[in-house]
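Asks: Structure in structure tokens, see below.
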Amino acid sequence: MSIQGLTNLSTEEQKELELAKIDFKMVTFTLAGKDYGIDIMKVKEIHKAQKFTFVPNSAPFVKGVYNMRGDIISVIDLRVFFNLPVEENEKGFENMIILRLEDNTIGILVDSIEKVIGIDSSRKQPPHPLFGDINIKYIDGVVENDTSLYIILDAEKIFSNESQTDSKEEIKVAAQTAAYQEMATAAAPEPDKHVNQGFVEETLSTYLGFYPSPLNRDWISKRLDSWIKQRGENNFQLNNKEDAQEFLKGFYSNCSGQMWSDELLNAVRPLLPRLGSTSLVWNPGCGRGYETYSVTALLKNTYPETVLKVQGNDNDLISISSAPGLLMDPARISPFYKEYLVGSGGGSQFNEIIKDSIIFEYSDLGNNASLPPVDMIVCRDTLSYLPESTQMSVLDFMYENLKPGGILMLGDNESPINISGWQVVENNGQRLYKKS
């Protein structure tokens, strides 16, 4: 249709044409006298709210947590978040928009909630760097509608994990603390271990990137019992990174991050798979290489005629880069390794018999493309630092790529999420998993 044709349309016809082009709807609201909008697809509902549960030690923009029909949600005062003035509230309630985001549900407080507006998304314009009172990175665009100029916020960017600083992570944990406390109080007068454990698990992943799952949950449950006895029913929360690190003491495997001791070498030796003329072993999460060298020396000692290849992988570039030149102090490790060491400037290194058997490579365990059939996988205390869905996919990948009769060695306090297909083999308290 020509421009001339468009101008000849009646007002009603022009409105019908505009309606036909609407492909974006937003909930509009005001902050400090200006008009804002948020994609309606991110809005779960609007709410008149009061009686928030205070979150100790949180930032000023955290209003607290709110019990919405049994669901505990964190509430952020968007005005304070953007350093905007907050009008004195004499109504006794707050205007709250409940957002359904990719990672969580969160409530935001605003001055007033206006209406739903539909627009043609092509009308959205990028904001000028000096436009408005808030950081431009949080603005999806601006649009004029019925003489009003709306600032469209990008909710995912505002509340995404990537945009959160460490202090905001601590705020998130504080909110979770209050949420679990409120749920525990509402559920029963006596402490609820399930609620307590839920809180601990959330904070372990937040502070340390440690992901509770069926892989390690038995240990966490037992540890929580002793933790509560040590700290008391009212002080079991993990309030900071140091608490989380203290909680995980005792989780890590014997000789984790060290050369294996005689005790561990002797416990594992009878459980090793039978190796043929050639063999491949995989050691993901090898760090600086202590475990890789330990496993290689043990296998070469047990099967001296086998052409052995041990692949050590890690996503820590500094560690994996230093692993080939790792220096040893013979006085601080088992005499078992002596025959495989040669003198070097500041200490000793493993000889060519061992080094020629090892390949160190940078790799992300969550993105394995391919792997030839292997006889043994050693992956201790590594899977617990991957999200549960990744843990499961990596374990499936390991099972598929192990030869029949191959051996999987997880951490001392880890076990396969799905035990079917694995046969538990043990010796002197050391547990490994054999592919059936």
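Here's how to read the names in the structure tokens: chain A, B, ... by the order shown, residue numbers from 1 in each chain, ligand numbers from 1 in the order shown.
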If you count only C-alpha atoms, which residues fall within 8 Å of Cys255 in chain A, apart from same-chain ones fewer than 5 positions away, as a list in words?
Replies: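 Skipping anything fewer than 5 positions along the chain leaves Trp260, Ser261 and Leu264 of chain A.
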Asks: Mind writing the picked residues with C-alpha atoms as an mmCIF file, in the first residue's frame?
Replies:
data_model
loop_
_atom_site.group_PDB
_atom_site.id
_atom_site.type_symbol
_atom_site.label_atom_id
_atom_site.label_comp_id
_atom_site.auth_asym_id
_atom_site.auth_seq_id
_atom_site.Cartn_x
_atom_site.Cartn_y
_atom_site.Cartn_z
ATOM 1 C CA TRP A 260 48.937 -41.549 45.590
ATOM 2 C CA SER A 261 50.183 -43.108 48.811
ATOM 3 C CA LEU A 264 45.923 -46.167 47.982
#
Asks: Give me the residues near Val80 in chain A as a PDB file with C-alpha atoms, in the first residue's frame, where near means some atom within 10 Å (using only C-alpha atoms) and where sequence neighbours in that chain fewer than 2 positions away do not count.
Replies:
ATOM      1  CA  ALA A  59      21.849  -5.045  50.107  1.00  0.00           C
ATOM      2  CA  PRO A  60      19.402  -2.127  50.354  1.00  0.00           C
ATOM      3  CA  PHE A  61      17.551  -3.110  47.180  1.00  0.00           C
ATOM      4  CA  VAL A  62      16.556  -6.513  48.599  1.00  0.00           C
ATOM      5  CA  LYS A  63      13.126  -6.001  50.151  1.00  0.00           C
ATOM      6  CA  ILE A  76      13.804  -6.661  44.746  1.00  0.00           C
ATOM      7  CA  ASP A  77      12.860  -2.996  45.005  1.00  0.00           C
ATOM      8  CA  LEU A  78      13.587  -1.903  41.445  1.00  0.00           C
ATOM      9  CA  PHE A  82      18.345   1.724  39.961  1.00  0.00           C
ATOM     10  CA  ASN A  83      19.103   4.392  42.592  1.00  0.00           C
ATOM     11  CA  LEU A  84      15.781   6.124  41.975  1.00  0.00           C
ATOM     12  CA  PRO A  85      13.782   7.960  44.659  1.00  0.00           C
ATOM     13  CA  VAL A  86      11.171   5.928  46.540  1.00  0.00           C
ATOM     14  CA  LEU A 109       8.477  -3.472  43.407  1.00  0.00           C
ATOM     15  CA  VAL A 110       7.485  -0.426  41.347  1.00  0.00           C
TER      16      VAL A 110
END
Asks: Can you tell me, as a PyMOL selection string, what residues are no more than 10 Å from Phe236 in chain A when counting only C-alpha atoms, ignoring any on the same chain fewer than 6 positions away?
Replies: chain A and resi 196-197+199-200+224-225+227-230+243+247
Asks: When you draw a straight line from CA of Leu298 in chain A to CA of Arg332 in chain A, how long is it in Å?
Replies: 17.7 Å
Asks: Have a look at A:Ala244, A:Ile106, A:Ile359, A:Leu317 and name the one nearest to Ser160 in chain A; count only C-alpha atoms.
Replies: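 For Ser160 in chain A, the nearest of the given residues is A:Ile106.
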